[in-house]
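Here is the file upload-v9.txt (compact mmCIF, C-alpha atoms).
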```txt
# COMPACT_ATOMS: atom_id res chain seq x y z
CA MET Z 43 -12.00 -5.27 -0.52
CA SER Z 44 -14.58 -7.96 -1.39
CA SER Z 45 -14.35 -6.90 -5.04
CA VAL Z 46 -10.60 -7.59 -4.88
CA PHE Z 47 -11.17 -11.10 -3.50
CA LYS Z 48 -13.83 -11.71 -6.15
CA ALA Z 49 -11.40 -10.59 -8.85
CA LEU Z 50 -8.58 -12.77 -7.51
CA ALA Z 51 -10.80 -15.83 -7.13
CA ASP Z 52 -10.73 -16.64 -10.84
CA PRO Z 53 -7.59 -18.28 -12.32
CA SER Z 54 -7.99 -16.49 -15.67
CA ARG Z 55 -8.09 -13.10 -13.99
CA ARG Z 56 -5.06 -14.02 -11.89
CA ARG Z 57 -3.27 -14.99 -15.10
CA VAL Z 58 -4.17 -11.58 -16.61
CA LEU Z 59 -2.63 -9.86 -13.59
CA GLN Z 60 0.48 -12.00 -13.82
CA LEU Z 61 0.89 -11.13 -17.49
CA LEU Z 62 0.49 -7.46 -16.65
CA ARG Z 63 3.21 -7.76 -14.01
CA GLN Z 64 5.67 -8.09 -16.92
CA ARG Z 65 4.51 -4.97 -18.78
CA PRO Z 66 1.40 -3.04 -19.83
CA MET Z 67 -0.39 -4.90 -22.65
CA SER Z 68 -3.15 -4.25 -25.15
CA ALA Z 69 -6.47 -6.07 -24.88
CA GLY Z 70 -5.56 -8.11 -27.98
CA GLU Z 71 -2.17 -9.17 -26.62
CA LEU Z 72 -3.79 -10.31 -23.40
CA ALA Z 73 -6.61 -12.11 -25.18
CA ASP Z 74 -4.06 -14.09 -27.23
CA HIS Z 75 -3.03 -15.93 -24.07
CA PHE Z 76 -6.55 -17.28 -23.41
CA PRO Z 77 -8.65 -19.73 -25.40
CA VAL Z 78 -11.87 -17.82 -24.68
CA SER Z 79 -14.10 -15.44 -26.58
CA LYS Z 80 -13.60 -11.67 -26.61
CA PRO Z 81 -16.78 -10.92 -24.60
CA THR Z 82 -15.57 -13.31 -21.87
CA MET Z 83 -12.21 -11.51 -21.76
CA SER Z 84 -13.97 -8.14 -21.65
CA ALA Z 85 -15.99 -9.36 -18.68
CA HIS Z 86 -12.78 -10.37 -16.91
CA PHE Z 87 -11.20 -6.98 -17.65
CA ALA Z 88 -14.31 -5.21 -16.35
CA ILE Z 89 -14.19 -7.12 -13.05
CA LEU Z 90 -10.48 -6.37 -12.62
CA GLN Z 91 -11.08 -2.70 -13.38
CA GLU Z 92 -14.00 -2.55 -10.97
CA ALA Z 93 -11.75 -3.96 -8.25
CA GLY Z 94 -9.17 -1.28 -9.05
CA LEU Z 95 -6.49 -3.83 -9.90
CA ILE Z 96 -5.93 -2.72 -13.48
CA GLU Z 97 -6.36 0.49 -15.42
CA ALA Z 98 -7.28 0.90 -19.05
CA GLU Z 99 -5.90 3.69 -21.17
CA LYS Z 100 -6.82 4.38 -24.75
CA THR Z 101 -3.85 5.16 -26.98
CA GLY Z 102 -4.93 5.68 -30.56
CA ARG Z 103 -7.21 2.80 -31.47
CA THR Z 104 -5.94 0.33 -28.91
CA ILE Z 105 -6.74 -0.01 -25.24
CA ILE Z 106 -3.69 -0.57 -23.08
CA TYR Z 107 -4.20 -2.32 -19.76
CA ARG Z 108 -1.74 -1.89 -16.93
CA LEU Z 109 -1.38 -3.02 -13.38
CA LYS Z 110 -2.75 -0.85 -10.60
CA MET Z 111 -2.16 -3.06 -7.58
CA SER Z 112 -1.01 -1.96 -4.15
CA VAL Z 113 1.70 -3.99 -2.42
CA LEU Z 114 -0.92 -5.72 -0.29
CA GLU Z 115 -2.97 -6.67 -3.38
CA ASP Z 116 0.22 -7.87 -5.07
CA ALA Z 117 0.97 -10.09 -2.07
CA LEU Z 118 -2.63 -11.36 -2.12
CA LEU Z 119 -2.26 -12.26 -5.80
CA SER Z 120 0.91 -14.26 -5.10
CA PHE Z 121 -0.81 -15.95 -2.17
CA ALA Z 122 -3.95 -16.75 -4.20
CA HIS Z 123 -1.81 -18.03 -7.07
CA THR Z 124 0.21 -20.34 -4.81
CA LEU Z 125 -2.91 -21.53 -3.02
CA GLY Z 126 -4.78 -22.02 -6.31
CA TRP Z 127 -1.85 -23.90 -7.75
CA LYS Z 128 -1.64 -26.21 -4.71
CA MET Z 129 -5.39 -26.79 -4.79
CA LYS Z 130 -5.13 -27.65 -8.48
CA LEU Z 131 -2.33 -30.14 -7.74
CA GLN Z 132 -4.34 -31.68 -4.92
CA GLU Z 133 -7.40 -31.85 -7.17
CA GLY Z 134 -5.30 -33.49 -9.89
CA ALA Z 135 -3.85 -36.00 -7.44
CA ARG Z 136 -7.35 -36.81 -6.14
CA THR Z 137 -8.71 -37.28 -9.67
CA ALA Z 138 -5.74 -39.50 -10.57
CA ALA Z 139 -6.27 -41.56 -7.41
CA GLU Z 140 -10.00 -41.91 -8.19
CA ASN Z 141 -9.25 -42.93 -11.77
CA GLY Z 142 -6.72 -45.47 -10.53
CA ALA Z 143 -9.21 -46.88 -8.04
CA ALA Z 144 -11.88 -47.08 -10.74
CA LYS Z 145 -9.48 -49.01 -12.99
CA ARG Z 146 -8.59 -51.41 -10.21
CA ARG Z 147 -12.26 -51.96 -9.24
CA PRO Z 148 -13.43 -55.32 -10.62
CA LEU Z 149 -16.19 -55.09 -13.20
CA LYS Z 150 -19.60 -56.68 -12.73
CA GLY Z 151 -19.44 -60.36 -13.28
CA GLU Z 152 -15.71 -60.54 -12.56
CA SER Z 153 -14.70 -62.79 -9.67
CA MET H 130 -23.02 15.44 -2.24
CA GLU H 131 -20.72 12.42 -1.97
CA ALA H 132 -20.75 10.63 1.42
CA ARG H 133 -17.42 10.85 3.18
CA PRO H 134 -15.83 7.80 4.86
CA THR H 135 -15.33 7.77 8.65
CA TRP H 136 -11.55 8.10 8.36
CA TYR H 137 -12.12 11.45 6.63
CA TYR H 138 -12.89 12.94 10.03
CA LEU H 139 -9.89 11.33 11.72
CA ALA H 140 -7.45 14.14 10.81
CA PRO H 141 -9.55 17.01 12.33
CA ALA H 142 -10.40 14.84 15.35
CA LEU H 143 -6.70 14.16 16.01
CA LEU H 144 -5.86 17.86 15.63
CA VAL H 145 -8.54 18.84 18.15
CA LEU H 146 -7.45 16.09 20.56
CA GLY H 147 -3.80 17.13 20.20
CA THR H 148 -4.65 20.77 20.97
CA LEU H 149 -6.61 19.74 24.08
CA LEU H 150 -3.71 17.55 25.27
CA ALA H 151 -1.19 20.36 24.67
CA ALA H 152 -3.42 22.75 26.64
CA ALA H 153 -3.70 20.24 29.50
CA ASN H 154 0.10 19.81 29.52
CA LEU H 155 0.55 23.59 29.58
CA TYR H 156 -1.88 23.87 32.48
CA LEU H 157 -0.12 21.13 34.50
CA ARG H 158 3.47 22.11 33.67
CA PRO H 159 3.56 25.81 32.76
CA GLU H 160 7.33 25.93 33.43
CA ARG H 161 7.88 23.87 30.26
CA ALA H 162 5.73 26.08 28.07
CA VAL H 163 7.92 26.03 24.93
CA PRO H 164 7.28 22.41 23.80
CA TRP H 165 3.53 22.74 24.37
CA ILE H 166 3.35 26.02 22.46
CA VAL H 167 5.42 24.53 19.62
CA SER H 168 3.02 21.56 19.56
CA VAL H 169 0.01 23.88 19.36
CA LEU H 170 1.67 25.85 16.55
CA LEU H 171 2.40 22.61 14.66
CA LEU H 172 -1.18 21.45 15.11
CA GLY H 173 -2.41 24.87 13.97
CA GLY H 174 -0.24 24.67 10.86
CA MET H 175 -1.60 21.22 10.07
CA ALA H 176 -5.16 22.51 10.57
CA VAL H 177 -4.51 25.30 8.04
CA VAL H 178 -3.11 22.80 5.51
CA LEU H 179 -6.10 20.50 6.12
CA ALA H 180 -8.54 23.39 5.59
CA LEU H 181 -6.79 24.32 2.32
CA VAL H 182 -6.85 20.71 1.12
CA THR H 183 -10.54 20.32 2.01
CA ARG H 184 -11.51 23.62 0.37
CA GLY H 185 -9.45 22.97 -2.76
CA SER H 186 -11.14 19.64 -3.58
CA SER H 187 -11.56 19.29 -7.32
CA ASP H 188 -12.46 16.75 -9.99
CA ASP H 189 -8.84 16.55 -11.14
CA VAL H 190 -7.52 13.04 -10.32
CA ALA H 191 -3.96 14.21 -9.58
CA ARG H 192 -5.20 16.90 -7.18
CA ARG H 193 -7.50 14.45 -5.42
CA ARG H 194 -4.62 12.00 -5.03
CA ALA H 195 -2.40 14.72 -3.60
CA ALA H 196 -5.17 15.72 -1.18
CA VAL H 197 -5.55 12.12 0.04
CA SER H 198 -1.81 11.75 0.60
CA ILE H 199 -1.63 15.11 2.49
CA ARG H 200 -4.61 14.07 4.61
CA SER H 201 -3.01 10.71 5.45
CA ALA H 202 0.29 12.44 6.33
CA ILE H 203 -1.65 14.74 8.71
CA VAL H 204 -3.33 11.69 10.28
CA PHE H 205 0.02 10.01 10.97
CA ALA H 206 1.67 13.23 12.22
CA GLY H 207 -1.40 13.85 14.41
CA LEU H 208 -1.19 10.29 15.78
CA ILE H 209 2.47 10.78 16.74
CA LEU H 210 1.78 14.16 18.40
CA VAL H 211 -1.31 12.89 20.25
CA PHE H 212 0.57 9.88 21.53
CA THR H 213 3.61 11.92 22.67
CA LEU H 214 1.39 14.53 24.35
CA SER H 215 -0.65 11.79 26.07
CA VAL H 216 2.50 10.21 27.50
CA SER H 217 3.72 13.64 28.68
CA LEU H 218 0.38 14.25 30.34
CA VAL H 219 0.47 10.86 32.06
CA ASN H 220 4.02 11.64 33.24
CA ALA H 221 2.86 15.05 34.51
CA ILE H 222 0.20 13.49 36.71
CA ASN H 223 2.81 10.92 37.85
CA ALA H 224 0.96 7.83 36.73
CA THR H 225 4.05 6.37 35.08
CA GLY H 226 7.49 7.59 34.18
CA ASN H 227 8.36 5.39 31.23
CA ARG H 228 9.78 7.61 28.51
CA GLU H 229 11.00 4.66 26.41
CA ILE H 230 7.47 3.45 25.64
CA SER H 231 6.67 6.83 24.10
CA GLU H 232 9.73 6.69 21.86
CA ARG H 233 9.09 3.07 20.83
CA VAL H 234 5.45 3.68 19.91
CA THR H 235 6.37 6.86 18.01
CA MET H 236 8.89 4.88 15.95
CA ALA H 237 6.35 2.09 15.39
CA ILE H 238 3.85 4.68 14.09
CA LEU H 239 6.57 5.98 11.75
CA GLY H 240 7.11 2.40 10.55
CA ALA H 241 3.37 2.03 9.97
CA TYR H 242 3.43 5.27 7.96
CA LEU H 243 6.18 3.84 5.74
CA VAL H 244 4.08 0.70 5.21
CA PHE H 245 1.02 2.82 4.39
CA THR H 246 2.80 5.07 1.88
CA GLY H 247 4.82 2.21 0.34
CA ASN H 248 1.65 0.18 -0.17
CA ALA H 249 0.17 2.94 -2.33
CA ILE H 250 3.27 3.59 -4.50
CA PRO H 251 2.45 1.01 -7.25
CA LYS H 252 -1.14 2.29 -7.42
CA THR H 253 -0.09 5.81 -8.43
CA LEU H 254 -0.11 5.81 -12.21
CA SER H 255 0.65 8.65 -14.54
CA PRO H 256 -0.80 8.70 -18.08
CA LEU H 257 1.16 6.57 -20.57
CA SER H 258 1.53 9.56 -22.89
CA THR H 259 3.40 11.55 -20.23
CA MET H 260 5.34 8.58 -18.86
CA PRO H 261 9.10 9.07 -18.87
CA GLY H 262 10.69 6.11 -20.70
CA ASP H 263 9.60 2.51 -21.01
CA ALA H 264 6.29 1.86 -19.22
CA ALA H 265 7.37 -1.66 -18.21
CA ARG H 266 10.51 -0.34 -16.51
CA VAL H 267 8.58 2.41 -14.73
CA GLN H 268 6.06 -0.17 -13.51
CA ALA H 269 8.87 -2.46 -12.27
CA LEU H 270 10.48 0.46 -10.45
CA GLN H 271 7.19 1.42 -8.79
CA ARG H 272 6.63 -2.17 -7.64
CA LEU H 273 10.16 -2.42 -6.29
CA ALA H 274 9.88 0.93 -4.49
CA GLY H 275 6.52 -0.07 -3.01
CA TRP H 276 7.73 -3.44 -1.76
CA THR H 277 10.96 -1.91 -0.42
CA TRP H 278 9.09 0.77 1.58
CA VAL H 279 6.51 -1.68 2.90
CA LEU H 280 9.12 -4.20 4.09
CA THR H 281 11.35 -1.43 5.49
CA GLY H 282 8.43 0.07 7.41
CA PHE H 283 7.32 -3.34 8.67
CA PHE H 284 10.76 -4.34 9.98
CA TYR H 285 11.33 -0.81 11.33
CA ALA H 286 8.12 -0.99 13.36
CA ILE H 287 8.77 -4.54 14.56
CA ALA H 288 12.37 -3.65 15.53
CA TRP H 289 11.18 -0.72 17.67
CA LEU H 290 8.41 -2.77 19.26
CA VAL H 291 10.33 -5.90 20.23
CA LEU H 292 14.12 -5.43 20.09
CA PRO H 293 16.36 -3.78 22.69
CA ARG H 294 16.66 -0.01 22.12
CA SER H 295 20.30 -0.06 21.00
CA LEU H 296 19.68 -2.82 18.46
CA ALA H 297 16.53 -1.09 17.16
CA GLU H 298 18.53 2.12 16.68
CA ALA H 299 21.25 0.26 14.79
CA ILE H 300 18.67 -1.41 12.56
CA THR H 301 17.04 1.97 11.86
CA PHE H 302 20.39 3.44 10.78
CA VAL H 303 20.98 0.53 8.40
CA LEU H 304 17.45 -0.14 7.10
CA LEU H 305 16.36 3.33 5.98
CA PRO H 306 19.53 4.35 4.08
CA ALA H 307 19.73 0.87 2.50
CA ALA H 308 16.13 1.12 1.27
CA MET H 309 16.70 4.64 -0.08
CA LEU H 310 19.93 3.61 -1.82
CA MET H 311 18.22 0.63 -3.41
CA ILE H 312 15.42 2.77 -4.83
CA LEU H 313 17.83 5.49 -5.95
CA ALA H 314 20.00 2.90 -7.73
CA GLN H 315 16.95 1.62 -9.63
CA LEU H 316 15.93 5.19 -10.48
CA PHE H 317 19.44 5.80 -11.81
CA ARG H 318 19.22 2.63 -13.93
CA LEU H 319 15.86 3.76 -15.32
CA ARG H 320 17.30 7.17 -16.15
CA ARG H 321 20.29 5.61 -17.90
CA ALA H 322 18.06 3.25 -19.87
CA ARG H 323 16.02 6.26 -21.02
CA GLN H 324 19.13 8.15 -22.10
CA HIS H 325 20.74 5.15 -23.83
CA PRO H 326 17.91 2.96 -25.16
CA ALA H 327 19.04 -0.49 -26.30
```
Written form, structure tokens:
Amino acid sequence: MSSVFKALADPSRRRVLQLLRQRPMSAGELADHFPVSKPTMSAHFAILQEAGLIEAEKTGRTIIYRLKMSVLEDALLSFAHTLGWKMKLQEGARTAAENGAAKRRPLKGES
Amino acid sequence: MEARPTWYYLAPALLVLGTLLAAANLYLRPERAVPWIVSVLLLGGMAVVLALVTRGSSDDVARRRAAVSIRSAIVFAGLILVFTLSVSLVNAINATGNREISERVTMAILGAYLVFTGNAIPKTLSPLSTMPGDAARVQALQRLAGWTWVLTGFFYAIAWLVLPRSLAEAITFVLLPAAMLMILAQLFRLRRARQHPA
């Protein structure tokens, strides 16, 4: 179960799972959605496979990835996504507030 | 040899416990021998199936999956029998006479079984080459079937645990057919889409 939590902890891996919810996709199709290198994507795929959340199947020269999530894991993904999204919003709001405060702070020498 | 998880031994343990409980019931109430003998025969049948499943273990993924699902079905059936026999035994020694609790817990275990089997539905994948029709549609159907069974089982169990008996019965008669109809309708749609691709 810890491998599932580890897999779901990363936003890129969650995005991979969400893309695979639509339909099975090839490694190339999935990689097109991410601005990262192929080895990085391969590492993400390996972690997801290790956690048993996706399955790879070779058809011809392409590897097709597809979802292999139980209902509980599916619910966990939705939960992690919502939580991650909220945390991101909170983080964004905090950064914006800090930036605003920094702008308002008088510079050295200012009265 | 591969180490087996603890739950692996749950099925035989439940079968042995069930047989002991049936024997104790037979000893205390020999005038009602038929249900106890039927219980022992059922447990014996499950033991034979379990032995066949254990002996026939192979490297084939599909066979291993089938063995796991048979084993889990035996665990749930064993749980229901053990619980029912325990309540009968308690009634026989006059500790309590509440028959409703037995029925409610049995139904809750059935609900839990629906949750357990529904949870695993989207994880059962067949090879893409042998997949009937569009893989995306099959995946969507599996997810829908899984979620439907899990939610049905959850509400079924909760209804039998907390609601009045009559209401729980009514919910059971609505929930299960509705869930089955929903899945069958989606299966029908998938079949039609395969026959008349867009």
For chain H, report every residue with an atom at most 9 Å from chain Z (counting all atoms listed in the file), formatted as a VMD selection string. chain H and resid 247 to 254 256 to 258 264 to 266 268 to 269 272 275 to 276 279
I need the residue nearest Leu59 in chain Z from this list: Z:Phe121, Z:Gly102, Z:Leu72, Z:Val78. Use all atoms listed in the file for the distance. Z:Leu72
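Interatomic distance, CA of Ser295 in chain H against CA of Ala274 in chain H: 27.6 Å.
One finds CA of Phe245 in chain H at 24.2 Å from CA of Arg56 in chain Z.
When all atoms listed in the file are used to measure the gap to Pro53 in chain Z, the shortest distance among Z:Thr104, Z:Phe76, Z:Ser84, Z:Gly126 belongs to Z:Gly126.
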Cut-off 12 Å around (-1.6, 21.7, 30.9) with all atoms listed in the file: residues as number ranges by chain: H: 147-162, 164-166, 169, 214-215, 217-222
Judged by all atoms listed in the file, the minimum distance to Tyr138 in chain H among H:Met311, H:Val216, H:Val204, H:Leu171 is found for H:Val204
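The residue that comes closest to Ser45 in chain Z, out of Z:Ala122, Z:Ile89, Z:Tyr107, Z:Glu140 and on the basis of all atoms listed in the file, is Z:Ile89.
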Selection: 10 Å around His75 in chain Z, only C-alpha atoms, excl. self and same-chain fewer than 4 positions, as a VMD selection string: chain Z and resid 54 57 to 58 61 70 to 71
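Those residues that approach Ala85 in chain Z to within 12 Å, counting only C-alpha atoms, are Z:Ala49, Z:Asp52, Z:Ser54, Z:Arg55, Z:Ala69, Z:Ala73, Z:Val78, Z:Ser79, Z:Gln91, Z:Glu92; same-chain residues fewer than 6 positions away are not listed.
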Grab the CA of Arg294 in chain H to CA of Gly240 in chain H distance for me, in Å with one decimal place. 15.2 Å
List every protein, DNA or RNA residue that has at least one atom no more than 10 Å from (-1.3, 13.6, 15.6) in the file's coordinates, counting all atoms listed in the file, and write the result as a count of residues only. 27
As a PyMOL selection string, please: the residues near Ala288 in chain H (cut-off 9 Å, all atoms listed in the file, same-chain neighbours under 6 positions excluded). chain H and resi 237+294+296-298+300-301
